[in-house]
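Shown next: entry.csv, containing CSV, C-alpha atoms.
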```
chain,number,residue,atom,x,y,z
A,196,MET,CA,4.8,-4.5,-18.4
A,197,ALA,CA,7.0,-5.8,-21.3
A,198,VAL,CA,5.8,-9.0,-22.9
A,199,ILE,CA,8.1,-11.9,-23.9
A,200,LYS,CA,6.4,-14.2,-26.5
A,201,GLY,CA,6.4,-17.9,-25.6
A,202,GLY,CA,9.7,-19.4,-26.8
A,203,GLU,CA,11.4,-16.1,-27.2
A,204,GLY,CA,13.7,-14.0,-25.0
A,205,ALA,CA,14.6,-10.5,-23.8
A,206,GLY,CA,17.6,-8.7,-22.5
A,207,PHE,CA,17.9,-5.6,-20.3
A,208,ARG,CA,20.2,-3.8,-17.9
A,209,LEU,CA,19.7,-3.3,-14.2
A,210,LYS,CA,21.5,-0.8,-12.1
A,211,ARG,CA,22.5,-1.8,-8.6
A,212,GLY,CA,19.3,-1.4,-6.5
A,213,ASP,CA,16.9,-1.8,-9.4
A,214,SER,CA,14.4,-4.7,-9.3
A,215,VAL,CA,12.7,-6.7,-12.0
A,216,ALA,CA,9.4,-8.5,-11.5
A,217,ILE,CA,8.8,-11.5,-13.8
A,218,VAL,CA,5.2,-12.6,-14.1
A,219,ASN,CA,4.1,-16.1,-15.2
A,220,THR,CA,1.1,-14.6,-17.0
A,221,HIS,CA,-0.6,-17.9,-17.8
A,222,GLY,CA,0.9,-19.9,-14.9
A,223,SER,CA,2.8,-22.7,-16.6
A,224,GLN,CA,5.7,-21.1,-18.5
A,225,VAL,CA,9.3,-21.8,-17.5
A,226,VAL,CA,11.6,-18.8,-17.6
A,227,ASP,CA,15.3,-19.2,-17.7
A,228,LEU,CA,17.1,-16.4,-15.9
A,229,PHE,CA,20.7,-15.4,-16.8
A,230,ALA,CA,22.7,-12.6,-15.1
A,231,HIS,CA,26.1,-11.0,-15.9
A,232,ASN,CA,28.1,-8.4,-14.1
A,233,ALA,CA,27.8,-5.3,-16.3
A,234,ALA,CA,31.4,-4.3,-15.6
A,235,ASP,CA,32.9,-7.8,-16.4
A,236,VAL,CA,30.4,-9.9,-18.4
A,237,GLY,CA,32.5,-13.0,-17.8
A,238,GLU,CA,31.3,-12.9,-14.2
A,239,THR,CA,27.9,-14.5,-14.2
A,240,LEU,CA,25.2,-16.0,-12.0
A,241,SER,CA,26.5,-19.4,-11.0
A,242,ILE,CA,23.9,-21.9,-9.8
A,243,GLN,CA,26.5,-24.1,-8.1
A,244,HIS,CA,28.0,-21.2,-6.2
A,245,SER,CA,24.5,-19.9,-5.3
A,246,ARG,CA,23.6,-23.4,-3.8
A,247,ASN,CA,26.8,-23.1,-1.7
A,248,VAL,CA,25.1,-20.0,-0.1
A,249,TRP,CA,21.6,-21.4,0.2
A,250,TYR,CA,22.5,-24.9,1.3
A,251,ARG,CA,19.2,-25.8,-0.4
A,252,MET,CA,18.4,-26.9,-3.9
A,253,GLN,CA,16.0,-24.0,-4.6
A,254,PRO,CA,16.1,-20.3,-3.6
A,255,ARG,CA,13.5,-18.7,-1.3
A,256,ALA,CA,12.6,-15.1,-0.9
A,257,GLY,CA,15.5,-13.4,0.8
A,258,ASP,CA,18.1,-15.6,-0.8
A,259,GLN,CA,21.0,-14.1,-2.7
A,260,LEU,CA,22.1,-15.4,-6.1
A,261,TRP,CA,25.9,-15.4,-6.4
A,262,THR,CA,28.5,-15.4,-9.2
A,263,GLN,CA,31.3,-17.8,-9.7
A,264,LEU,CA,33.5,-15.2,-8.0
A,265,ARG,CA,31.3,-15.7,-4.9
A,266,ARG,CA,29.8,-12.3,-4.9
A,267,PRO,CA,26.0,-11.5,-4.8
A,268,ILE,CA,24.5,-10.4,-8.1
A,269,LEU,CA,20.8,-10.6,-7.4
A,270,THR,CA,18.5,-11.1,-4.4
A,271,LEU,CA,15.2,-12.9,-4.7
A,272,THR,CA,13.1,-10.4,-2.8
A,273,GLY,CA,9.7,-11.8,-3.5
A,274,ASP,CA,8.0,-15.0,-4.8
A,275,THR,CA,4.3,-15.5,-4.9
A,276,SER,CA,4.6,-18.9,-6.6
A,277,PRO,CA,4.9,-22.2,-4.6
A,278,GLY,CA,8.7,-21.7,-4.8
A,279,VAL,CA,9.3,-24.6,-7.2
A,280,HIS,CA,12.2,-23.6,-9.5
A,281,ASP,CA,14.9,-25.8,-11.1
A,282,THR,CA,18.6,-25.7,-10.5
A,283,ILE,CA,19.4,-29.2,-11.9
A,284,PHE,CA,19.1,-28.8,-15.7
A,285,PRO,CA,21.2,-26.8,-18.1
A,286,CYS,CA,19.3,-24.5,-20.4
A,287,CYS,CA,18.1,-26.1,-23.7
A,288,ASP,CA,20.2,-25.5,-26.8
A,289,ALA,CA,20.1,-26.3,-30.5
A,290,THR,CA,22.0,-29.6,-30.0
A,291,ARG,CA,19.5,-30.7,-27.4
A,292,TYR,CA,16.6,-30.5,-29.9
A,293,VAL,CA,18.6,-32.4,-32.5
A,294,GLN,CA,19.2,-35.1,-29.9
A,295,LEU,CA,15.5,-35.1,-29.1
A,296,GLY,CA,14.8,-35.9,-32.8
A,297,VAL,CA,13.6,-32.4,-34.0
A,298,LYS,CA,14.2,-31.8,-37.7
A,299,GLY,CA,15.5,-28.4,-38.6
A,300,TYR,CA,16.0,-25.4,-36.3
A,301,HIS,CA,14.2,-25.2,-33.0
A,302,ARG,CA,14.2,-22.1,-30.9
A,303,ASN,CA,16.1,-22.6,-27.6
A,304,CYS,CA,17.1,-20.9,-24.4
A,305,ALA,CA,20.8,-20.7,-25.3
A,306,ASP,CA,20.1,-18.8,-28.5
A,307,ASN,CA,17.6,-16.6,-26.7
A,308,TRP,CA,20.5,-15.8,-24.3
A,309,ARG,CA,22.8,-15.1,-27.3
A,310,GLU,CA,20.2,-12.8,-28.9
A,311,ALA,CA,19.7,-10.9,-25.6
A,312,MET,CA,23.5,-10.5,-25.2
A,313,ALA,CA,23.8,-9.2,-28.8
A,314,GLN,CA,21.0,-6.7,-28.2
A,315,LEU,CA,22.9,-5.4,-25.2
A,316,GLY,CA,26.1,-5.0,-27.3
A,317,ILE,CA,27.9,-8.1,-26.0
A,318,ASP,CA,29.4,-10.6,-28.4
A,319,PRO,CA,28.0,-14.0,-27.0
A,320,ALA,CA,30.6,-15.9,-29.0
A,321,LYS,CA,33.2,-14.7,-26.5
A,322,LEU,CA,31.4,-16.1,-23.5
A,323,THR,CA,30.4,-19.6,-22.3
A,324,VAL,CA,26.6,-20.0,-21.9
A,325,PRO,CA,26.2,-19.4,-18.1
A,326,THR,CA,24.1,-21.5,-15.8
A,327,ALA,CA,20.5,-20.3,-15.6
A,328,LEU,CA,18.0,-20.3,-12.8
A,329,ASN,CA,15.1,-22.2,-14.4
A,330,LEU,CA,12.2,-20.3,-12.9
A,331,PHE,CA,8.9,-22.2,-12.3
A,332,MET,CA,10.5,-25.4,-13.8
A,333,ASN,CA,9.2,-28.5,-11.8
A,334,VAL,CA,11.8,-31.2,-11.4
A,335,PRO,CA,11.0,-33.3,-8.3
A,336,VAL,CA,13.9,-35.4,-7.0
A,337,ALA,CA,13.0,-38.9,-5.6
A,338,PRO,CA,14.8,-40.3,-2.5
A,339,ASP,CA,17.0,-42.4,-4.8
A,340,GLY,CA,18.3,-39.3,-6.5
A,341,THR,CA,16.4,-39.8,-9.8
A,342,PHE,CA,14.3,-36.9,-11.1
A,343,LYS,CA,11.7,-36.2,-13.8
A,344,ILE,CA,10.3,-33.1,-15.4
A,345,LEU,CA,6.7,-32.4,-14.6
A,346,PRO,CA,4.4,-29.5,-15.5
A,347,PRO,CA,4.9,-26.4,-13.4
A,348,VAL,CA,2.9,-26.0,-10.2
A,349,SER,CA,2.9,-22.2,-10.5
A,350,ARG,CA,-0.4,-20.3,-11.2
A,351,PRO,CA,-1.4,-17.5,-13.5
A,352,GLY,CA,0.0,-14.2,-12.3
A,353,ASP,CA,2.6,-15.8,-10.0
A,354,THR,CA,5.5,-13.3,-9.8
A,355,VAL,CA,9.1,-13.4,-8.7
A,356,ILE,CA,11.1,-10.3,-8.0
A,357,PHE,CA,14.8,-9.9,-8.1
A,358,LYS,CA,16.9,-6.9,-6.9
A,359,ALA,CA,20.2,-6.2,-8.5
A,360,GLU,CA,23.2,-6.3,-6.1
A,361,MET,CA,25.5,-4.9,-8.8
A,362,ASP,CA,25.0,-3.3,-12.2
A,363,CYS,CA,24.1,-6.2,-14.3
A,364,LEU,CA,22.8,-7.5,-17.6
A,365,ILE,CA,19.8,-9.8,-17.5
A,366,ALA,CA,18.6,-12.3,-20.1
A,367,LEU,CA,15.2,-14.0,-19.8
A,368,SER,CA,14.1,-16.9,-22.0
A,369,ALA,CA,10.5,-18.1,-22.1
A,370,CYS,CA,11.6,-21.7,-22.6
A,371,PRO,CA,10.7,-23.0,-26.1
A,372,VAL,CA,10.3,-26.7,-25.1
A,373,ASP,CA,7.2,-28.1,-26.8
A,374,MET,CA,7.6,-31.9,-26.9
A,375,LEU,CA,7.5,-32.4,-23.1
A,376,PRO,CA,5.0,-31.0,-20.6
A,377,LEU,CA,7.8,-28.8,-19.2
A,378,ASN,CA,5.8,-25.7,-20.0
A,379,GLY,CA,2.5,-27.2,-19.0
A,380,PRO,CA,0.4,-30.3,-20.0
A,381,ASP,CA,-0.4,-28.7,-23.4
A,382,CYS,CA,3.3,-28.5,-24.3
A,383,LYS,CA,2.8,-25.0,-25.7
A,384,PRO,CA,5.1,-22.1,-24.7
A,385,GLN,CA,3.1,-19.1,-23.5
A,386,ASP,CA,4.0,-15.4,-23.2
A,387,VAL,CA,5.3,-14.0,-19.9
A,388,GLU,CA,5.7,-10.4,-18.7
A,389,TYR,CA,8.4,-8.5,-16.9
A,390,ARG,CA,8.7,-5.0,-15.4
A,391,VAL,CA,11.9,-3.2,-14.4
A,392,MET,CA,11.5,-1.0,-11.3
A,393,ALA,CA,14.2,1.6,-10.7
A,394,ALA,CA,15.8,1.8,-7.2
B,254,MET,CA,50.2,-46.0,-8.9
B,255,ALA,CA,50.9,-42.3,-8.7
B,256,VAL,CA,50.2,-40.6,-5.4
B,257,ILE,CA,48.5,-37.3,-4.8
B,258,LYS,CA,49.2,-35.8,-1.4
B,259,GLY,CA,46.2,-34.7,0.6
B,260,GLY,CA,45.2,-31.2,-0.4
B,261,GLU,CA,47.3,-31.3,-3.6
B,262,GLY,CA,46.4,-32.1,-7.3
B,263,ALA,CA,47.6,-33.7,-10.4
B,264,GLY,CA,47.1,-33.3,-14.2
B,265,PHE,CA,47.5,-35.8,-17.0
B,266,ARG,CA,46.4,-36.7,-20.5
B,267,LEU,CA,44.2,-39.5,-21.6
B,268,LYS,CA,43.9,-40.8,-25.2
B,269,ARG,CA,40.5,-41.8,-26.3
B,270,GLY,CA,40.0,-45.4,-25.0
B,271,ASP,CA,42.5,-45.0,-22.1
B,272,SER,CA,41.2,-45.4,-18.6
B,273,VAL,CA,42.1,-44.0,-15.2
B,274,ALA,CA,41.5,-45.7,-11.8
B,275,ILE,CA,41.3,-43.3,-8.8
B,276,VAL,CA,41.8,-45.0,-5.5
B,277,ASN,CA,40.5,-43.6,-2.2
B,278,THR,CA,43.6,-45.0,-0.4
B,279,HIS,CA,42.4,-44.1,3.2
B,280,GLY,CA,38.7,-44.1,2.4
B,281,SER,CA,37.5,-40.7,3.3
B,282,GLN,CA,39.2,-38.3,0.9
B,283,VAL,CA,37.1,-36.3,-1.6
B,284,VAL,CA,38.6,-36.0,-5.1
B,285,ASP,CA,37.4,-33.3,-7.5
B,286,LEU,CA,37.6,-34.5,-11.1
B,287,PHE,CA,37.9,-32.0,-14.0
B,288,ALA,CA,38.0,-33.0,-17.7
B,289,HIS,CA,38.8,-31.0,-20.8
B,290,ASN,CA,38.7,-31.9,-24.5
B,291,ALA,CA,42.4,-32.0,-25.5
B,292,ALA,CA,41.6,-30.5,-28.9
B,293,ASP,CA,39.5,-27.6,-27.5
B,294,VAL,CA,40.2,-27.0,-23.9
B,295,GLY,CA,37.2,-24.7,-23.6
B,296,GLU,CA,35.0,-27.8,-24.0
B,297,THR,CA,34.8,-29.4,-20.5
B,298,LEU,CA,33.0,-31.8,-18.4
B,299,SER,CA,29.7,-30.1,-17.4
B,300,ILE,CA,27.9,-31.5,-14.4
B,301,GLN,CA,24.6,-29.9,-15.5
B,302,HIS,CA,24.7,-31.4,-18.9
B,303,SER,CA,25.8,-34.8,-17.5
B,304,ARG,CA,22.7,-34.8,-15.2
B,305,ASN,CA,20.6,-34.2,-18.3
B,306,VAL,CA,21.9,-37.6,-19.5
B,307,TRP,CA,21.7,-39.4,-16.2
B,308,TYR,CA,18.3,-38.1,-15.0
B,309,ARG,CA,19.8,-38.8,-11.6
B,310,MET,CA,21.8,-36.6,-9.2
B,311,GLN,CA,24.8,-39.0,-9.1
B,312,PRO,CA,26.4,-41.1,-11.8
B,313,ARG,CA,26.5,-44.9,-11.6
B,314,ALA,CA,28.8,-47.4,-13.4
B,315,GLY,CA,28.0,-47.3,-17.1
B,316,ASP,CA,27.0,-43.6,-17.1
B,317,GLN,CA,28.7,-41.2,-19.4
B,318,LEU,CA,29.9,-37.7,-18.4
B,319,TRP,CA,29.1,-35.1,-21.0
B,320,THR,CA,30.5,-31.7,-21.9
B,321,GLN,CA,28.6,-28.4,-22.3
B,322,LEU,CA,28.5,-29.2,-26.0
B,323,ARG,CA,26.5,-32.4,-25.1
B,324,ARG,CA,29.2,-34.9,-26.1
B,325,PRO,CA,30.5,-37.7,-24.0
B,326,ILE,CA,34.0,-37.1,-22.6
B,327,LEU,CA,34.3,-39.9,-20.0
B,328,THR,CA,32.4,-43.0,-19.0
B,329,LEU,CA,32.3,-44.2,-15.4
B,330,THR,CA,33.1,-47.8,-16.1
B,331,GLY,CA,33.6,-49.0,-12.5
B,332,ASP,CA,32.9,-47.9,-8.9
B,333,THR,CA,33.6,-50.1,-5.9
B,334,SER,CA,32.4,-47.3,-3.5
B,335,PRO,CA,28.8,-47.0,-2.3
B,336,GLY,CA,28.3,-44.6,-5.2
B,337,VAL,CA,27.9,-41.4,-3.1
B,338,HIS,CA,29.4,-38.6,-5.1
B,339,ASP,CA,28.5,-34.9,-5.1
B,340,THR,CA,27.2,-32.8,-8.0
B,341,ILE,CA,25.7,-30.0,-6.0
B,342,PHE,CA,28.8,-28.0,-4.8
B,343,PRO,CA,31.3,-25.9,-6.8
B,344,CYS,CA,35.0,-26.7,-6.1
B,345,CYS,CA,36.5,-24.8,-3.3
B,346,ASP,CA,38.6,-21.8,-4.1
B,347,ALA,CA,40.8,-19.1,-2.4
B,348,THR,CA,37.8,-16.8,-1.9
B,349,ARG,CA,35.8,-19.6,-0.2
B,350,TYR,CA,38.5,-20.0,2.5
B,351,VAL,CA,38.6,-16.3,3.1
B,352,GLN,CA,34.8,-16.3,3.6
B,353,LEU,CA,35.2,-19.2,6.0
B,354,GLY,CA,37.5,-17.0,8.1
B,355,VAL,CA,40.9,-18.6,7.1
B,356,LYS,CA,43.8,-16.1,7.5
B,357,GLY,CA,46.4,-16.2,4.7
B,358,TYR,CA,46.5,-18.6,1.8
B,359,HIS,CA,44.8,-21.9,1.9
B,360,ARG,CA,45.3,-24.6,-0.7
B,361,ASN,CA,42.1,-25.1,-2.8
B,362,CYS,CA,40.7,-27.2,-5.6
B,363,ALA,CA,40.5,-24.3,-8.0
B,364,ASP,CA,44.2,-23.6,-7.7
B,365,ASN,CA,45.0,-27.3,-7.9
B,366,TRP,CA,43.1,-27.3,-11.2
B,367,ARG,CA,45.1,-24.2,-12.3
B,368,GLU,CA,48.4,-26.0,-11.4
B,369,ALA,CA,47.4,-29.1,-13.3
B,370,MET,CA,46.5,-27.1,-16.4
B,371,ALA,CA,49.8,-25.2,-16.2
B,372,GLN,CA,51.7,-28.5,-16.0
B,373,LEU,CA,49.9,-29.6,-19.1
B,374,GLY,CA,50.9,-26.5,-21.0
B,375,ILE,CA,47.5,-24.8,-20.8
B,376,ASP,CA,47.1,-21.2,-19.5
B,377,PRO,CA,44.3,-21.5,-16.9
B,378,ALA,CA,43.8,-17.7,-16.9
B,379,LYS,CA,42.2,-18.1,-20.3
B,380,LEU,CA,39.6,-20.5,-19.0
B,381,THR,CA,36.7,-20.4,-16.5
B,382,VAL,CA,37.0,-23.0,-13.7
B,383,PRO,CA,34.8,-25.8,-15.0
B,384,THR,CA,32.3,-27.8,-12.9
B,385,ALA,CA,33.9,-30.8,-11.2
B,386,LEU,CA,32.5,-34.2,-10.2
B,387,ASN,CA,33.2,-34.3,-6.5
B,388,LEU,CA,34.1,-37.9,-6.1
B,389,PHE,CA,33.2,-39.5,-2.7
B,390,MET,CA,31.8,-36.2,-1.3
B,391,ASN,CA,28.7,-37.0,0.8
B,392,VAL,CA,26.0,-34.4,0.5
B,393,PRO,CA,22.6,-35.9,1.4
B,394,VAL,CA,19.6,-33.9,0.3
B,395,ALA,CA,16.6,-33.9,2.6
B,396,PRO,CA,13.0,-34.1,1.3
B,397,ASP,CA,12.7,-30.3,1.8
B,398,GLY,CA,15.6,-29.7,-0.6
B,399,THR,CA,18.1,-28.7,2.2
B,400,PHE,CA,21.4,-30.5,2.3
B,401,LYS,CA,24.5,-30.8,4.4
B,402,ILE,CA,28.1,-32.0,4.1
B,403,LEU,CA,28.8,-35.2,6.0
B,404,PRO,CA,31.9,-37.4,6.1
B,405,PRO,CA,32.3,-39.7,3.1
B,406,VAL,CA,30.8,-43.2,3.3
B,407,SER,CA,33.5,-44.6,1.0
B,408,ARG,CA,36.0,-47.1,2.4
B,409,PRO,CA,39.8,-47.6,2.1
B,410,GLY,CA,40.7,-48.8,-1.3
B,411,ASP,CA,37.4,-47.8,-2.9
B,412,THR,CA,38.1,-47.2,-6.6
B,413,VAL,CA,36.4,-45.4,-9.5
B,414,ILE,CA,37.4,-46.0,-13.1
B,415,PHE,CA,36.8,-43.6,-16.0
B,416,LYS,CA,37.3,-44.4,-19.6
B,417,ALA,CA,38.1,-41.5,-22.0
B,418,GLU,CA,35.5,-41.0,-24.8
B,419,MET,CA,37.8,-38.4,-26.5
B,420,ASP,CA,41.4,-37.3,-26.1
B,421,CYS,CA,41.3,-35.3,-22.9
B,422,LEU,CA,43.1,-33.5,-20.1
B,423,ILE,CA,42.2,-34.6,-16.6
B,424,ALA,CA,42.8,-32.7,-13.4
B,425,LEU,CA,42.3,-34.3,-10.0
B,426,SER,CA,42.3,-32.5,-6.7
B,427,ALA,CA,42.5,-34.2,-3.3
B,428,CYS,CA,40.3,-31.6,-1.7
B,429,PRO,CA,42.1,-29.4,0.9
B,430,VAL,CA,39.1,-28.7,3.1
B,431,ASP,CA,40.2,-29.1,6.8
B,432,MET,CA,37.7,-27.1,8.8
B,433,LEU,CA,34.7,-29.3,8.1
B,434,PRO,CA,34.4,-33.1,8.2
B,435,LEU,CA,34.1,-33.1,4.4
B,436,ASN,CA,37.2,-35.3,4.1
B,437,GLY,CA,36.4,-37.4,7.1
B,438,PRO,CA,35.7,-36.8,10.8
B,439,ASP,CA,39.3,-35.9,11.6
B,440,CYS,CA,39.2,-33.0,9.0
B,441,LYS,CA,42.5,-34.0,7.6
B,442,PRO,CA,43.1,-34.3,3.9
B,443,GLN,CA,44.8,-37.7,3.0
B,444,ASP,CA,46.7,-38.9,0.0
B,445,VAL,CA,45.0,-40.7,-2.8
B,446,GLU,CA,46.3,-42.7,-5.8
B,447,TYR,CA,45.6,-43.0,-9.5
B,448,ARG,CA,46.8,-45.1,-12.4
B,449,VAL,CA,46.4,-44.5,-16.1
B,450,MET,CA,45.7,-47.6,-18.1
B,451,ALA,CA,46.3,-47.4,-21.9
B,452,ALA,CA,43.6,-48.6,-24.2
```
Translate this file's structure into structure tokens.
Amino acid sequence: MAVIKGGEGAGFRLKRGDSVAIVNTHGSQVVDLFAHNAADVGETLSIQHSRNVWYRMQPRAGDQLWTQLRRPILTLTGDTSPGVHDTIFPCCDATRYVQLGVKGYHRNCADNWREAMAQLGIDPAKLTVPTALNLFMNVPVAPDGTFKILPPVSRPGDTVIFKAEMDCLIALSACPVDMLPLNGPDCKPQDVEYRVMAA
Amino acid sequence: MAVIKGGEGAGFRLKRGDSVAIVNTHGSQVVDLFAHNAADVGETLSIQHSRNVWYRMQPRAGDQLWTQLRRPILTLTGDTSPGVHDTIFPCCDATRYVQLGVKGYHRNCADNWREAMAQLGIDPAKLTVPTALNLFMNVPVAPDGTFKILPPVSRPGDTVIFKAEMDCLIALSACPVDMLPLNGPDCKPQDVEYRVMAA
């Protein structure tokens, strides 16, 4: 198992058929998942196009995640959590923290994605930040369409598994939010783990 | 009033402070709205970032629409419709119609956006298709997170008005879907109208 420190990120490659298990070690850490086609990094996981496949706000085990070119990039093959993941919010970025009143630099999921891309030899400045699947993030929607961010309902050790449907680049970000209970009531990002399993 | 034929699109520029009124002439036509910063066309209306402002699935009069750089690009200043608009689906594209079983070319919102950009002197091949606000599209979400596409609940003459918060390029697409009741029970795209009002 590789460890991602709370608030930090990681990037790695999956060959078609490989899988990655992402473990919510302490139970309440949100993990943003980004995915790119390795052969054309401008083709990325698109939450909007994936919802057009699911006809549901959240994916369940067996569901494919699609790119903006309407092709499968990942399949969610397993999920031991209650299945509460967010597809409503964009990933956090430096501007968001400024707007929340933070002074100075604050780590953020967009920069974690940039660092992961750079580690994989991709210049992130040439790409738009893609939409992420916000694993374990709990954003219940009320009947009137309003929503709020609550602490995750996942539990220590809860694990999601994705299988690659094409050769792809993956970025994970253990979300750095620490002024809202997004990552648990103590507002403290925690480490998570992942393991790549070859086909 | 300028007319957009059912299934076709239009592109125009707004100066900061200008407004555009979009009229659902026959009541049941979905209109995809795209917006770009005129000074940097890679900065676009982002539905995910706009939801982060609204904390609601749909905008109401008074709400700002934001770009992926977390800046306001438009404000919804008026809406005589019941306020049912979609932010869940991506715009339709040529691939979507192939996947729905259509033989040959079918008009689509992505190509209408491309035509609008080209008319405005922008090469769409250099851009990713942005997220659109799907005006009047009726996609009720059930308590279990599933959703379906129903005919619009808007009425003939219903009008939305947007004010430009920066100089911007707008593309509108009278959605060409004709195999689902997305544009009304008769599955027939209808013309809509728009009028630009200078500040």
Contacts of stretch 234-250 of chain A within 6 Å, all atoms listed in the file, excl. fewer than 3 positions in-chain, as a PyMOL selection string: (chain A and resi 230-231+260-263+326) or (chain B and resi 342-343+399-400)
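Using only C-alpha atoms, the residues found no farther than 10 Å from stretch 294-301 of chain A, other than those of its own chain fewer than 6 positions away, are Gly202, Asp288, Pro371, Val372, Asp373 and Met374 of chain A; Arg323 of chain B.
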Residue selection dump (C-alpha atoms) as a compact mmCIF listing (two decimals), in the frame of the given file:
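Wrote it out as part_20.txt, contents follow:
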```txt
# COMPACT_ATOMS: atom_id res chain seq x y z
CA GLY A 202 9.70 -19.40 -26.80
CA ASP A 288 20.20 -25.50 -26.80
CA PRO A 371 10.70 -23.00 -26.10
CA VAL A 372 10.30 -26.70 -25.10
CA ASP A 373 7.20 -28.10 -26.80
CA MET A 374 7.60 -31.90 -26.90
CA ARG B 323 26.50 -32.40 -25.10
```
Polymer residues at most 12 Å from B:His279, only C-alpha atoms, same-chain spacing of 2 or more positions, as a list of chain:residue names: B:Lys258, B:Gly259, B:Val276, B:Asn277, B:Ser281, B:Gln282, B:Val283, B:Phe389, B:Pro405, B:Val406, B:Ser407, B:Arg408, B:Pro409, B:Gly410, B:Asp411, B:Thr412, B:Ala427, B:Asn436, B:Gly437, B:Lys441, B:Pro442, B:Gln443, B:Asp444, B:Val445, B:Glu446
Kindly provide, as a JSON list (two decimals) with C-alpha atoms, in the coordinates of the input, the polymer residues lying within 9 Å of (39.3, -43.6, -17.6), counting only C-alpha atoms and using the coordinates exactly as they appear in the file.
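Generated file (selection-v8.json):
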```json
[["chain", "number", "residue", "atom", "x", "y", "z"],
["B", 267, "LEU", "CA", 44.20, -39.50, -21.60],
["B", 269, "ARG", "CA", 40.50, -41.80, -26.30],
["B", 270, "GLY", "CA", 40.00, -45.40, -25.00],
["B", 271, "ASP", "CA", 42.50, -45.00, -22.10],
["B", 272, "SER", "CA", 41.20, -45.40, -18.60],
["B", 273, "VAL", "CA", 42.10, -44.00, -15.20],
["B", 274, "ALA", "CA", 41.50, -45.70, -11.80],
["B", 327, "LEU", "CA", 34.30, -39.90, -20.00],
["B", 328, "THR", "CA", 32.40, -43.00, -19.00],
["B", 329, "LEU", "CA", 32.30, -44.20, -15.40],
["B", 330, "THR", "CA", 33.10, -47.80, -16.10],
["B", 413, "VAL", "CA", 36.40, -45.40, -9.50],
["B", 414, "ILE", "CA", 37.40, -46.00, -13.10],
["B", 415, "PHE", "CA", 36.80, -43.60, -16.00],
["B", 416, "LYS", "CA", 37.30, -44.40, -19.60],
["B", 417, "ALA", "CA", 38.10, -41.50, -22.00],
["B", 418, "GLU", "CA", 35.50, -41.00, -24.80],
["B", 449, "VAL", "CA", 46.40, -44.50, -16.10],
["B", 450, "MET", "CA", 45.70, -47.60, -18.10]]
```
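Here atom CA of A:Pro325 is placed at a distance of 15.4 Å from atom CA of A:Ala289.
Note that atom CA of A:Lys321 and atom CA of B:Gly374 are 22.0 Å apart.
The space separating atom CA of A:Leu315 from atom CA of A:Arg208 comes to 7.9 Å.
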Using only C-alpha atoms: which of A:Asp227, A:Asp306, A:Asp318, A:Asp274 has the shortest distance to A:Arg255: A:Asp274
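Considering all atoms listed in the file, the residue among B:Glu368, B:Asp316, B:Asp397, B:Asp439 positioned nearest to chain A is B:Asp397.
Using all atoms listed in the file, the shortest contact distance between A:Ala327 and any of A:Met312, A:Cys287, A:Ala205, A:Val293 is found at A:Cys287.
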Non-local contacts of B:Leu388 (8 Å; only C-alpha atoms; under 4 positions in same chain excluded) as number ranges by chain: B: 283-286, 337-339
Dump as a compact mmCIF listing (two decimals), in the frame of the given file, selection limited to C-alpha atoms:
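New file selection-v1.txt:
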```txt
# COMPACT_ATOMS: atom_id res chain seq x y z
CA VAL B 283 37.10 -36.30 -1.60
CA VAL B 284 38.60 -36.00 -5.10
CA ASP B 285 37.40 -33.30 -7.50
CA LEU B 286 37.60 -34.50 -11.10
CA VAL B 337 27.90 -41.40 -3.10
CA HIS B 338 29.40 -38.60 -5.10
CA ASP B 339 28.50 -34.90 -5.10
```
What are the centre and edge lengths in Å, to one decimal, of the axis-aligned box around all listed atoms of stretch 236-242 of chain A with 3 Å added on each side, as AutoDock Vina command-line options?
```
--center_x 28.2 --center_y -15.9 --center_z -14.1 --size_x 14.6 --size_y 18.0 --size_z 14.6
```
Closest of A:Ala256, A:Phe207, A:Gly222, A:Thr282 to A:Pro335 - atom-to-atom distances counting only C-alpha atoms: A:Thr282
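Closest approach to chain A among B:Cys362, B:Met419, B:Val382, B:Ala424 is made by B:Val382 (distances from only C-alpha atoms).
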